[in-house]
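Student: So that we are looking at the same thing, I have put the structure below in structure tokens.
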Amino acid sequence: MKLLIFVALLLFSNPLWAKLRVVTTTPDLSWLVENIGGKSVTVESLLDGSEDPHYVDAMPSWIAKVSRADVFCLVGLELEIGWVPKVLERSGNKKVQTGGKGYCETGKFISALEVPKGKIDRSMGDIHPSGNPHYHLGPEQFKNAAKGIFEVLVTNDPDARLTYSKNLAQTLQQIDKTKEIVVSMIKDLKEFKLMSYHKEFSYFMKDFDLQYSGIIEEIPGVPPSAGRIARIALEAKKNNVDVVLASTANPKKLLEKFKEISGVQYKQVPISIRKLGNPSNYEELLVGIAKAIVESKK
């Protein structure tokens, strides 16, 4: 009996049997890690998917979670610059600090759009020097992030390489399938003219070959003035814009004002997988955006 107890304790205490503990900033990254890692990882997102990742405050509970993580995955491209450095510093976890074995900045693995040129200063608003960070809405760059996550997982858990490799292939197939579904949904909307409140949809527009006809914001992250709204609304009306896409975090009051002047409808949609509720996976996320566009067809 004592021998059985000893063997059981040995098995459950042996690090070879321990799952890799992964913490991510967003549920979108958690979805990738969960699919690639499978039963070899445990994963949790700090955000629930309803927030604007630009503007959140570091929670004490997040610091505690990161302090116990083997791997920490973030979007990067300055998306979480206002709070992730605080979380990492206060966690005291050497493994997941910048440059550490468990540090996984997925933005390093993608080809970013809209990388600004020339001098950058605060007068330009919430601008990202490394490019647009909302790459997850473009399937092609999301696949690049998946490949980067795979490399980091293997680095931290080389014994599970074959499992991670098999799961990566299946994940890439899932993303390709989602892209095919969206393509079939919007195949008749190539002449559609779309605007957005903020530049969240650039990768989506590029991957699905849609016409991007402007942004309501004048300065990223700064609410547009009444004059700006009036000017851009009249321009949208003149150009026969079909719909404005906005995230659920964008200000509805300003969108209503734009609609009042322009006569152009807007659609507010989730731009992240939700920790609880819908969209609960990547297919639901992109199909939801596509459905909003299709429903706005005049």
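Following the order of the structure tokens, first chain is A, next is B, and so on, with residues numbered from 1 inside each chain and ligands from 1 in the order they appear.
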Please provide the set of residues having any atom within 8 Å of stretch 66-76 of chain A, restricted to only C-alpha atoms, with same-chain residues fewer than 3 positions apart removed, written as a ChimeraX atom specification.

Tutor: /A:20-26,29,62-63,79-81,87-88,91-93,95-96,101-108,133,149,153,156

Student: Since we have the selection now, will you write its residues out, keeping C-alpha atoms, as a compact mmCIF listing (two decimals), in the first residue's frame?

Tutor:
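That gives us selection_12.txt:
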# COMPACT_ATOMS: atom_id res chain seq x y z
CA LEU A 20 2.60 23.96 -19.57
CA ARG A 21 0.91 26.94 -17.92
CA VAL A 22 0.16 29.66 -20.48
CA VAL A 23 -1.35 33.09 -19.85
CA THR A 24 -2.42 35.32 -22.75
CA THR A 25 -3.61 38.89 -22.94
CA THR A 26 -6.59 38.20 -25.25
CA LEU A 29 -4.52 34.18 -28.42
CA TRP A 62 -3.43 39.34 -13.42
CA ILE A 63 -0.05 39.85 -11.76
CA LEU A 79 -1.45 47.22 -28.30
CA GLU A 80 -1.03 46.46 -24.58
CA ILE A 81 1.81 48.93 -23.95
CA VAL A 87 2.06 43.24 -15.06
CA LEU A 88 5.34 41.64 -16.15
CA SER A 91 4.96 39.45 -11.47
CA GLY A 92 8.61 38.80 -10.63
CA ASN A 93 8.56 35.88 -13.08
CA LYS A 95 10.76 33.22 -17.45
CA VAL A 96 8.18 35.50 -19.06
CA LYS A 101 12.18 31.69 -22.69
CA GLY A 102 8.49 32.01 -21.91
CA TYR A 103 7.90 35.43 -23.50
CA CYS A 104 5.71 35.17 -26.62
CA GLU A 105 5.04 38.42 -28.48
CA THR A 106 2.95 37.24 -31.40
CA GLY A 107 3.19 40.53 -33.28
CA LYS A 108 6.84 39.67 -33.97
CA PRO A 133 -1.98 45.48 -34.02
CA ILE A 149 3.10 30.32 -30.75
CA LEU A 153 5.52 26.11 -26.96
CA ASN A 156 9.38 25.41 -23.48

Student: Please identify which residues in stretch 20-152 of chain A DSSP calls strand (DSSP E or B) from the backbone, and express them as a ChimeraX atom specification.

Tutor: /A:20-24,41-45,71-74,103-105

Student: Emit the selected residues as a JSON list (two decimals), in the first residue's frame, including N, CA and C atoms.

Tutor:
[["chain", "number", "residue", "atom", "x", "y", "z"],
["A", 20, "LEU", "N", 2.00, 22.65, -19.41],
["A", 20, "LEU", "CA", 2.60, 23.96, -19.57],
["A", 20, "LEU", "C", 1.54, 25.01, -19.24],
["A", 21, "ARG", "N", 1.86, 25.91, -18.34],
["A", 21, "ARG", "CA", 0.91, 26.94, -17.92],
["A", 21, "ARG", "C", 1.11, 28.19, -18.78],
["A", 22, "VAL", "N", 0.07, 28.53, -19.55],
["A", 22, "VAL", "CA", 0.16, 29.66, -20.48],
["A", 22, "VAL", "C", -0.89, 30.71, -20.11],
["A", 23, "VAL", "N", -0.45, 31.95, -20.05],
["A", 23, "VAL", "CA", -1.35, 33.09, -19.85],
["A", 23, "VAL", "C", -1.25, 33.98, -21.08],
["A", 24, "THR", "N", -2.40, 34.43, -21.59],
["A", 24, "THR", "CA", -2.42, 35.32, -22.75],
["A", 24, "THR", "C", -3.11, 36.62, -22.37],
["A", 41, "VAL", "N", -1.32, 21.72, -22.38],
["A", 41, "VAL", "CA", -1.25, 23.06, -21.79],
["A", 41, "VAL", "C", -2.52, 23.37, -20.99],
["A", 42, "THR", "N", -2.37, 24.32, -20.10],
["A", 42, "THR", "CA", -3.52, 25.02, -19.53],
["A", 42, "THR", "C", -3.36, 26.47, -19.95],
["A", 43, "VAL", "N", -4.45, 27.11, -20.30],
["A", 43, "VAL", "CA", -4.34, 28.47, -20.81],
["A", 43, "VAL", "C", -5.47, 29.33, -20.27],
["A", 44, "GLU", "N", -5.13, 30.58, -20.00],
["A", 44, "GLU", "CA", -6.13, 31.54, -19.53],
["A", 44, "GLU", "C", -5.82, 32.92, -20.09],
["A", 45, "SER", "N", -6.87, 33.61, -20.51],
["A", 45, "SER", "CA", -6.74, 34.99, -21.00],
["A", 45, "SER", "C", -6.99, 35.97, -19.86],
["A", 71, "VAL", "N", 4.57, 30.39, -19.81],
["A", 71, "VAL", "CA", 4.59, 31.15, -21.06],
["A", 71, "VAL", "C", 3.58, 32.28, -20.95],
["A", 72, "PHE", "N", 3.96, 33.45, -21.43],
["A", 72, "PHE", "CA", 3.05, 34.60, -21.48],
["A", 72, "PHE", "C", 2.98, 35.09, -22.92],
["A", 73, "CYS", "N", 1.78, 35.06, -23.50],
["A", 73, "CYS", "CA", 1.57, 35.48, -24.89],
["A", 73, "CYS", "C", 0.81, 36.81, -24.96],
["A", 74, "LEU", "N", 1.32, 37.74, -25.72],
["A", 74, "LEU", "CA", 0.65, 39.01, -25.93],
["A", 74, "LEU", "C", 0.58, 39.31, -27.42],
["A", 103, "TYR", "N", 8.50, 34.19, -22.98],
["A", 103, "TYR", "CA", 7.90, 35.43, -23.50],
["A", 103, "TYR", "C", 7.50, 35.21, -24.95],
["A", 104, "CYS", "N", 6.23, 35.45, -25.28],
["A", 104, "CYS", "CA", 5.71, 35.17, -26.62],
["A", 104, "CYS", "C", 4.96, 36.39, -27.14],
["A", 105, "GLU", "N", 5.66, 37.23, -27.88],
["A", 105, "GLU", "CA", 5.04, 38.42, -28.48],
["A", 105, "GLU", "C", 4.67, 38.08, -29.91]]

Student: Tell me, counting only C-alpha atoms, for each residue of stretch 24-131 of chain A within 9 Å of stretch 247-260 of chain A, which pair of atoms is nearest and how far apart they are in Å to one decimal, in rows ordered by chain and increasing number, as a tab-separated table.

Tutor:
residue	atom	partner	partner_atom	distance
A:Ser50	CA	A:Ala249	CA	7.4
A:Glu51	CA	A:Ala249	CA	6.8
A:Asp52	CA	A:Ala249	CA	6.3

Student: Can you list, as a VMD selection string, all residues belonging to stretch 48-264 of chain A that DSSP tags as helix (DSSP H, G or I)?

Tutor: chain A and resid 60 to 67 84 to 91 94 to 96 106 to 109 122 to 124 135 to 137 139 to 156 158 to 185 199 to 207 226 to 238 252 to 262

Student: Store the residues picked out above, limited to C-alpha atoms, as a JSON list (two decimals), in the first residue's frame.

Tutor:
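Writing done, so here's again.json:
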[["chain", "number", "residue", "atom", "x", "y", "z"],
["A", 60, "PRO", "CA", -3.66, 42.48, -9.05],
["A", 61, "SER", "CA", -5.14, 39.10, -10.00],
["A", 62, "TRP", "CA", -3.43, 39.34, -13.42],
["A", 63, "ILE", "CA", -0.05, 39.85, -11.76],
["A", 64, "ALA", "CA", -0.61, 36.74, -9.65],
["A", 65, "LYS", "CA", -1.54, 34.66, -12.70],
["A", 66, "VAL", "CA", 1.47, 35.81, -14.71],
["A", 67, "SER", "CA", 3.76, 35.10, -11.75],
["A", 84, "VAL", "CA", 1.50, 44.71, -19.85],
["A", 85, "PRO", "CA", 4.91, 46.11, -18.76],
["A", 86, "LYS", "CA", 3.47, 46.75, -15.28],
["A", 87, "VAL", "CA", 2.06, 43.24, -15.06],
["A", 88, "LEU", "CA", 5.34, 41.64, -16.15],
["A", 89, "GLU", "CA", 7.52, 43.74, -13.86],
["A", 90, "ARG", "CA", 5.37, 43.16, -10.79],
["A", 91, "SER", "CA", 4.96, 39.45, -11.47],
["A", 94, "LYS", "CA", 11.90, 35.82, -14.91],
["A", 95, "LYS", "CA", 10.76, 33.22, -17.45],
["A", 96, "VAL", "CA", 8.18, 35.50, -19.06],
["A", 106, "THR", "CA", 2.95, 37.24, -31.40],
["A", 107, "GLY", "CA", 3.19, 40.53, -33.28],
["A", 108, "LYS", "CA", 6.84, 39.67, -33.97],
["A", 109, "PHE", "CA", 5.72, 36.82, -36.24],
["A", 122, "ARG", "CA", 1.92, 62.19, -29.23],
["A", 123, "SER", "CA", 0.12, 64.72, -31.43],
["A", 124, "MET", "CA", -0.58, 61.82, -33.78],
["A", 135, "TYR", "CA", -3.94, 41.39, -37.16],
["A", 136, "HIS", "CA", -6.14, 38.63, -35.69],
["A", 137, "LEU", "CA", -9.03, 39.72, -37.92],
["A", 139, "PRO", "CA", -6.72, 34.91, -41.30],
["A", 140, "GLU", "CA", -3.34, 34.99, -43.05],
["A", 141, "GLN", "CA", -1.58, 36.90, -40.29],
["A", 142, "PHE", "CA", -3.46, 34.95, -37.61],
["A", 143, "LYS", "CA", -1.89, 31.81, -39.09],
["A", 144, "ASN", "CA", 1.55, 33.43, -38.78],
["A", 145, "ALA", "CA", 0.84, 34.11, -35.11],
["A", 146, "ALA", "CA", -0.16, 30.45, -34.69],
["A", 147, "LYS", "CA", 3.18, 29.34, -36.13],
["A", 148, "GLY", "CA", 4.99, 31.67, -33.73],
["A", 149, "ILE", "CA", 3.10, 30.32, -30.75],
["A", 150, "PHE", "CA", 3.99, 26.79, -31.86],
["A", 151, "GLU", "CA", 7.69, 27.68, -31.79],
["A", 152, "VAL", "CA", 7.46, 29.12, -28.28],
["A", 153, "LEU", "CA", 5.52, 26.11, -26.96],
["A", 154, "VAL", "CA", 8.12, 23.74, -28.41],
["A", 155, "THR", "CA", 10.95, 25.77, -26.92],
["A", 156, "ASN", "CA", 9.38, 25.41, -23.48],
["A", 158, "PRO", "CA", 10.24, 20.05, -26.57],
["A", 159, "ASP", "CA", 8.97, 16.60, -25.56],
["A", 160, "ALA", "CA", 5.52, 17.51, -26.89],
["A", 161, "ARG", "CA", 6.75, 18.71, -30.30],
["A", 162, "LEU", "CA", 4.90, 16.03, -32.27],
["A", 163, "THR", "CA", 1.63, 16.81, -30.49],
["A", 164, "TYR", "CA", 2.05, 20.54, -31.06],
["A", 165, "SER", "CA", 2.96, 20.00, -34.72],
["A", 166, "LYS", "CA", -0.11, 17.86, -35.37],
["A", 167, "ASN", "CA", -2.37, 20.36, -33.59],
["A", 168, "LEU", "CA", -0.82, 23.29, -35.45],
["A", 169, "ALA", "CA", -1.64, 21.69, -38.80],
["A", 170, "GLN", "CA", -5.24, 21.16, -37.71],
["A", 171, "THR", "CA", -5.48, 24.74, -36.42],
["A", 172, "LEU", "CA", -4.22, 26.17, -39.70],
["A", 173, "GLN", "CA", -6.81, 24.07, -41.52],
["A", 174, "GLN", "CA", -9.53, 25.45, -39.24],
["A", 175, "ILE", "CA", -8.48, 29.01, -40.02],
["A", 176, "ASP", "CA", -8.42, 28.27, -43.76],
["A", 177, "LYS", "CA", -11.89, 26.75, -43.51],
["A", 178, "THR", "CA", -13.15, 29.87, -41.74],
["A", 179, "LYS", "CA", -11.67, 32.03, -44.49],
["A", 180, "GLU", "CA", -13.46, 29.94, -47.14],
["A", 181, "ILE", "CA", -16.78, 30.36, -45.32],
["A", 182, "VAL", "CA", -16.40, 34.14, -45.17],
["A", 183, "VAL", "CA", -15.32, 34.34, -48.82],
["A", 184, "SER", "CA", -18.48, 32.48, -49.84],
["A", 185, "MET", "CA", -20.61, 34.83, -47.73],
["A", 199, "LYS", "CA", -8.64, 50.97, -37.91],
["A", 200, "GLU", "CA", -9.58, 47.59, -36.41],
["A", 201, "PHE", "CA", -10.67, 46.06, -39.72],
["A", 202, "SER", "CA", -7.66, 46.69, -41.98],
["A", 203, "TYR", "CA", -6.49, 43.06, -42.05],
["A", 204, "PHE", "CA", -10.04, 41.79, -42.56],
["A", 205, "MET", "CA", -10.51, 44.14, -45.51],
["A", 206, "LYS", "CA", -7.18, 43.14, -47.05],
["A", 207, "ASP", "CA", -7.64, 39.37, -46.73],
["A", 226, "ALA", "CA", -18.32, 67.60, -34.33],
["A", 227, "GLY", "CA", -16.68, 69.26, -37.32],
["A", 228, "ARG", "CA", -14.77, 66.12, -38.23],
["A", 229, "ILE", "CA", -17.92, 63.99, -37.99],
["A", 230, "ALA", "CA", -19.83, 66.41, -40.20],
["A", 231, "ARG", "CA", -17.09, 66.51, -42.84],
["A", 232, "ILE", "CA", -16.50, 62.77, -43.02],
["A", 233, "ALA", "CA", -20.25, 62.07, -42.93],
["A", 234, "LEU", "CA", -20.92, 64.34, -45.92],
["A", 235, "GLU", "CA", -17.99, 62.73, -47.74],
["A", 236, "ALA", "CA", -19.40, 59.25, -47.03],
["A", 237, "LYS", "CA", -22.81, 60.33, -48.33],
["A", 238, "LYS", "CA", -21.29, 61.75, -51.51],
["A", 252, "LYS", "CA", -22.41, 54.67, -30.14],
["A", 253, "LYS", "CA", -23.35, 58.33, -29.63],
["A", 254, "LEU", "CA", -20.79, 59.45, -32.23],
["A", 255, "LEU", "CA", -21.82, 56.70, -34.61],
["A", 256, "GLU", "CA", -25.44, 57.82, -34.35],
["A", 257, "LYS", "CA", -24.43, 61.40, -35.15],
["A", 258, "PHE", "CA", -22.52, 60.19, -38.19],
["A", 259, "LYS", "CA", -25.54, 58.18, -39.35],
["A", 260, "GLU", "CA", -27.86, 61.16, -38.84],
["A", 261, "ILE", "CA", -25.77, 63.36, -41.14],
["A", 262, "SER", "CA", -24.67, 60.80, -43.73]]

Student: What is the distance between atom CA of A:Ile215 and atom CA of A:Gly82, in Å to one decimal?

Tutor: 23.7 Å

Student: What does the structure give for the distance between atom CA of A:Pro224 and atom CA of A:Asp57, in Å to one decimal?

Tutor: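 So the answer is 23.8 Å.
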
Student: Just to confirm, what's the straight-line distance from atom CA of A:His198 to atom CA of A:Val269 in Å (one decimal)?

Tutor: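 Separation between atom CA of A:His198 and atom CA of A:Val269: 12.5 Å.
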
Student: Go through A:Ala290, A:Leu285, A:Val243, A:Val115 one by one, measure the shortest atom-to-atom distance of each to A:Lys267 using only C-alpha atoms, and give the residue with the smallest value.

Tutor: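 Closest to A:Lys267, using only C-alpha atoms: A:Val243.
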
Student: Can you work out which one of A:Asp188, A:His134, A:Ser296, A:Asp28 has the shortest atom-to-atom distance to A:Glu114, counting only C-alpha atoms?

Tutor: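 Of all the options, A:His134 lies closest to A:Glu114.
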
Student: Pick out the closest residue to A:Ile293 from this set: A:Gly221, A:Phe208, A:Phe192, A:Ser272. Count only C-alpha atoms.

Tutor: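 Answer, going by the shortest atom-to-atom distance: A:Phe192.
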